[in-house]
Amino acid sequence: MRSVDEQLARVIAAAVRPAPVRVAISESQGLLCAEEVIAERALPGFDQAAVDGYAVRSVDVSGANASPVQLPVVGEIPAGSRQPRRLQPGQAVRIATGAPLPTLADAVVPLGYTDGHQAKVTVNRSVPSAGFVRRTGEDVQTGDVAVRRGASIGAAQVGLLAAVGRNKVLVHPRPRVSVISLGEELVDVDRTPGQGQVYDVNSYALAAAARDAGAEVSRVGIMSADPRRLREVVEGRLLLSEIVVIAGGVGGTVGDEVRAAITDLGDMDVTRVGMHPGSAQGFGRLGPDAVPTFLLPANPMSALVVFEVLVRPLIRAALGKKNPYRRAVSARLLSPLQSAKGRRGFLRGQLLRDADNGEYLVQPLGTSGSHLLASLAEANCLIMVDEDVTEISVGEEVLVSFLAQRG
């Protein structure tokens with residue numbers, strides 16, 4: 001039996017990042033930048049008002065704190081104005097937030113510092129030079145790196161790309177993941193199961209898990225284990241995918257048929273891994289491009305746990321994430337639990353936070369049965385139990401790995 005760490009090392013060693021592609025910035029969110037984005041223009045591109053108010057020479061209102069200063073208002077500059085304006089000494093111009101400052105103006109008096117009159121304004125407080133002004137290049141100078149290579153592109157980065165005039169950016173794309181579900185007993189969710197039949201859970205659940213991990217997903221759906229047909233489908237998906245996931249491909253007659261179908265496509269290692277649930281599994285690299293391919297258990301609960309432990313980190317590594325693993329914390333156990341001897345347990349749990357001291361607490365959910373999918377739907381963490389531990393008492397600390405957070 002191979003250890004979890006040994007199997008995970010094999011999987012991560014197979015991670016291949018897809019070649020960078022150039023995409024519209026609206027499609028770049030969640031991806032890693034694959035270039036140094038250099039600003040070709042300053043941000044802001046001109047001196048502009050930071051507030052609604054009056055553009056002035058700061059020297060003309062320097063004494064306003066001691067005695068109010070009156071200035072004639074000689075015009076108005078709205079945001080977006082492209083008409084050059086020049087301010088004369090002893091004058092003011094009404095100005096909107098974001099509008100360009102007139103020549104000679106070096107400050108903006110906020111409306112709240114004045115009486116707000118249109119023809120002649122009374123200024124009650126002085127402002128320093130550059131007060132309430134966004135200077136040219138204050139945010140980004142021409143030639144600065146706006147978004148660095150390797151940076152994760154979120155809302156702020158998309159905004160900055162737009163602000164420096166970029167409509168496209170080079171990114172590391174999402175790895176393409178194909179999900180296949182095997183089983184003669186399976187029917188799709190739009191049909192009524194007959195005697196001995198069950199709904200296809202795996203292709204939907206695993207496709208959702210891959211999408212959550214950041215992949216571009218193709219849910220192939222239900223396939224027969226017929227070797228010829230299965231080989232055709234797998235060969236086709238290997239040409240279109242960076243990762244292939246086949247659920248129901250280990251154990252029993254189906255496992256034998258799967259291995260017969262793909263045996264000459266590459267190196268597929270079917271083994272037992274020291275974990276519970278999901279011990280029986282397979283991993284290999286198939287096709288001319290040595291595409292990482294997983295054989296997962298037919299049981300949906302086991303398949304999802306194996307995906308979480310092994311497939312998700314590979315997707316994150318293929319995305320270029322420096323740390324492809326979920327966050328893990330120590331938590332105090334609220335109920336006793338048991339785990340299989342000789343296997344690392346990945347048990348469902350509900351992670352809580354003590355309101356008084358901030359300590360993490362965890363409540364195990366359900367039993368250790370690998371078929372209990374409902375308890376995984378309620379879980380927000382996996383409790384990880386070492387191979388040599390079979391029982392843990394209330395109050396002891398355990399290591400838990402976060403699952404997707406609920407809103």
# chains A, B, ... in the order shown; residues from 1 in each chain; ligands from 1
call {"tool": "select_by_dssp", "arguments": {"residues": "region 90-273 of chain A", "states": "strand (DSSP E or B)", "output": "ChimeraX atom specification"}}
result
/A:92-95,100,103,107-110,114,120-123,133-134,140,145-147,152,168-172,176-182,186-187,198-199,216-223,243-247,266-273
call {"tool": "closest_atom_pairs", "arguments": {"of": "region 165-272 of chain A", "to": "region 289-311 of chain A", "cutoff": "9 Å", "atoms": "only C-alpha atoms", "output": "tab-separated table"}}
result
residue	atom	partner	partner_atom	distance
A:Ser181	CA	A:Ala298	CA	8.2
A:Leu182	CA	A:Ala298	CA	7.7
A:Gly183	CA	A:Ala298	CA	7.9
A:Val201	CA	A:Pro300	CA	6.5
A:Asn202	CA	A:Pro300	CA	5.5
A:Ala205	CA	A:Leu304	CA	7.5
A:Leu206	CA	A:Leu304	CA	6.6
A:Ala209	CA	A:Phe307	CA	7.9
A:Ala210	CA	A:Val311	CA	8.2
A:Leu238	CA	A:Val291	CA	6.4
A:Leu239	CA	A:Asp289	CA	8.1
A:Ser241	CA	A:Val291	CA	7.4
A:Glu242	CA	A:Val291	CA	5.8
A:Ile243	CA	A:Pro292	CA	5.2
A:Val244	CA	A:Thr293	CA	4.7
A:Val245	CA	A:Phe294	CA	4.8
A:Ile246	CA	A:Leu295	CA	5.0
A:Ala247	CA	A:Leu296	CA	4.6
A:Gly248	CA	A:Ala298	CA	3.7
A:Gly249	CA	A:Leu295	CA	5.1
A:Val250	CA	A:Pro297	CA	5.9
A:Gly251	CA	A:Pro297	CA	7.8
A:Gly255	CA	A:Leu295	CA	9.0
A:Gly266	CA	A:Ala290	CA	7.3
A:Asp267	CA	A:Ala290	CA	8.6
A:Met268	CA	A:Thr293	CA	8.0
A:Val270	CA	A:Leu295	CA	7.8
call {"tool": "residues_around", "arguments": {"residues": "Arg327 (chain A)", "least_positions_apart": "6", "cutoff": "12 Å", "atoms": "only C-alpha atoms", "output": "PyMOL selection string"}}
result
chain A and resi 313+380-382+399-405
call {"tool": "atom_distance", "arguments": {"atom1": "CA of Ala163 (chain A)", "atom2": "CA of Ala55 (chain A)"}}
result
24.6 Å
call {"tool": "residues_around", "arguments": {"residues": "Phe46 (chain A)", "least_positions_apart": "2", "cutoff": "9 Å", "atoms": "only C-alpha atoms", "output": "MDAnalysis selection string"}}
result
chainID A and resid 42:44 48 100:101 134:137
